[in-house]
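These notes concern the structure reproduced below.
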Amino acid sequence: MKARVTITLKPGDLDPQGRAIQSALGGLGFAGVEAVRQGKVIELDLADGTPEADIDAMCRKLLANTVIENYRIEIA
Amino acid sequence: MKSAVIVFPGSNCDRDLAVAIESVTGTAPAMIWHRDAELPEGLDLIALPGGFSYGDYLRSGAMSARSPVMQAVIRAAGEGRAVLGVCNGFQVLTEAGLLPGALMRNAGLNFVCRDVSLRVENAQTMFTAHYDAGATIRIPVAHHDGNYVADAETLDRLEGEGRVVFRYAEPVNGSARDIAGIVNTAGNVLGLMPHPERLIEDAQGGSDGRAMFEALYAALG
């Protein structure tokens, strides 16, 4: 089975990289880019039957820093 | 004083830290590889060095914080032993949950590598007792991820409890409330982004960092 973990910065956190991307898009002539937030996607190949609770624990213990990040798990 | 410097793959200030400790205390620290699950008996000070452990993979300090040695460091911190985290060491301490908050990409996106002015906000810790409260000192920084963040409640608690030990006296990296270094509730764990070990004798262009090691030596013997 495969799981995809999407990690995003919490809404209140300043995202300097997102701001830089926004500025670069503006520099390329794309008008109207009002905000950019950068996150990351982690794809996991897992043994069939891996409980979702285990994947959640992986997120909390390592994959995401829940002080600054939210995460979302999708199981394919 | 019995001390140890933890060495992670990608640490690059471990020897500087060892030289600073030995220069002040006369005793070389044990260099402990991060895979070791046990620390030497009777340590007074455990130092986590700067560098780019694990290439900053995932998040700065994230992988190192889960190294086997960190469980022993967390236990030692709980026993009240002094723990000092410099730069990447500070990032490891936040990732390990020994200090609150997190260190994010510098607000200006640039790697900042220069001497900065710091204000000593709390001179009553075992790390800072040899500085004057409110003194301004110059210590180098060298980091990409030094932008300290925490929620407002945590920041207020840190301020209220005198746990903001060092504050930038000039714009550096966008840190919340210009925080450069904090201690834990018990006061035995300090994390800071600037590098006191890089300025311990005049031949290095200044010696404002030396007082931290002298204070630790005085406090811990």
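Ordering of the structure tokens sets the chain letters (A, B, ...), residue numbers begin anew at 1 in every chain, and ligands are numbered from 1 in the order given.
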Chain B contacts to chain A at 12 Å (only C-alpha atoms) as an NGL selection string
:B and (57-67 or 91-92 or 94-97 or 99-110 or 144-145 or 147-152 or 154 or 173-176)
Could you dump the residues just selected with C-alpha atoms as a JSON list (two decimals), in the first residue's frame?
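What landed in out-v3.json:
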[["chain", "number", "residue", "atom", "x", "y", "z"],
["B", 57, "TYR", "CA", 17.32, 16.70, 5.59],
["B", 58, "LEU", "CA", 13.60, 16.93, 6.37],
["B", 59, "ARG", "CA", 14.12, 19.90, 8.75],
["B", 60, "SER", "CA", 17.25, 21.26, 10.41],
["B", 61, "GLY", "CA", 17.96, 19.06, 13.42],
["B", 62, "ALA", "CA", 15.02, 16.72, 12.77],
["B", 63, "MET", "CA", 16.99, 13.56, 12.05],
["B", 64, "SER", "CA", 19.60, 14.16, 14.76],
["B", 65, "ALA", "CA", 16.90, 14.71, 17.37],
["B", 66, "ARG", "CA", 15.88, 11.07, 16.80],
["B", 67, "SER", "CA", 19.45, 9.70, 17.04],
["B", 91, "GLN", "CA", 17.69, 23.22, 16.32],
["B", 92, "VAL", "CA", 18.22, 19.67, 17.61],
["B", 94, "THR", "CA", 13.81, 22.16, 19.78],
["B", 95, "GLU", "CA", 13.21, 19.15, 17.53],
["B", 96, "ALA", "CA", 13.83, 16.85, 20.51],
["B", 97, "GLY", "CA", 11.30, 18.77, 22.59],
["B", 99, "LEU", "CA", 13.15, 23.54, 24.27],
["B", 100, "PRO", "CA", 9.90, 25.01, 22.94],
["B", 101, "GLY", "CA", 9.35, 26.55, 19.51],
["B", 102, "ALA", "CA", 11.11, 25.93, 16.23],
["B", 103, "LEU", "CA", 13.78, 27.48, 14.01],
["B", 104, "MET", "CA", 12.61, 28.28, 10.52],
["B", 105, "ARG", "CA", 14.27, 29.65, 7.39],
["B", 106, "ASN", "CA", 15.70, 33.15, 7.93],
["B", 107, "ALA", "CA", 13.13, 35.76, 7.03],
["B", 108, "GLY", "CA", 15.49, 37.32, 4.49],
["B", 109, "LEU", "CA", 16.20, 33.85, 3.01],
["B", 110, "ASN", "CA", 19.95, 34.54, 3.08],
["B", 144, "HIS", "CA", 20.19, 29.65, 7.34],
["B", 145, "ASP", "CA", 17.47, 28.48, 9.72],
["B", 147, "ASN", "CA", 14.26, 32.38, 12.62],
["B", 148, "TYR", "CA", 12.79, 31.48, 16.00],
["B", 149, "VAL", "CA", 9.03, 30.91, 16.05],
["B", 150, "ALA", "CA", 6.60, 29.90, 18.76],
["B", 151, "ASP", "CA", 2.98, 30.72, 19.45],
["B", 152, "ALA", "CA", 2.20, 33.95, 21.29],
["B", 154, "THR", "CA", 4.75, 30.35, 24.51],
["B", 173, "ASN", "CA", 16.93, 36.59, 10.82],
["B", 174, "GLY", "CA", 13.36, 37.62, 11.62],
["B", 175, "SER", "CA", 13.20, 35.77, 14.94],
["B", 176, "ALA", "CA", 10.08, 36.37, 16.99]]
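For chain A, backbone-based DSSP labels the following residues as strand (DSSP E or B): Lys2, Ala3, Arg4, Val5, Thr6, Ile7, Thr8, Leu9, Lys40, Val41, Ile42, Glu43, Leu44, Asp45, Glu69, Asn70, Tyr71, Arg72, Ile73, Glu74 and Ile75 of chain A.
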Every residue of stretch 29-110 of chain B that DSSP places in alpha helix (DSSP H), as a VMD selection string
chain B and resid 68 to 78 88 to 95
Interatomic distance, atom CA of B:Leu45 to atom CA of B:Asp208 (Å, one decimal)
20.1 Å
Tell me, as a list of chain:residue names, which residues lie within 12 Å of A:Thr50, counting only C-alpha atoms; anything in the same chain fewer than 6 positions away does not count.
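My reading of the contact set: A:Met1, A:Lys2, A:Ala3, A:Leu44, A:Asp56, A:Ala57, A:Met58, A:Ile75.
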Do you know which residues are at most 12 Å from B:Met126 counting only C-alpha atoms, after dropping those on the same chain fewer than 6 positions away, and could you put them as a list of chain:residue names?
B:Asp44, B:Leu45, B:Gly80, B:Arg81, B:Ala82, B:Val83, B:Leu84, B:Val165, B:Val183, B:Ala186, B:Gly187, B:Asn188, B:Val189, B:Leu190, B:Ala211, B:Met212, B:Phe213, B:Glu214, B:Ala215, B:Leu216, B:Tyr217, B:Ala218, B:Ala219, B:Leu220, B:Gly221
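Pairwise distance (atom CA of B:Arg157, atom CA of B:Asn184) equals 11.1 Å.
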Please indicate the distance in Å from atom CA of A:Thr6 to atom CA of A:Ile73, rounded to one decimal place.
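Distance reported for this atom pair: 6.6 Å.
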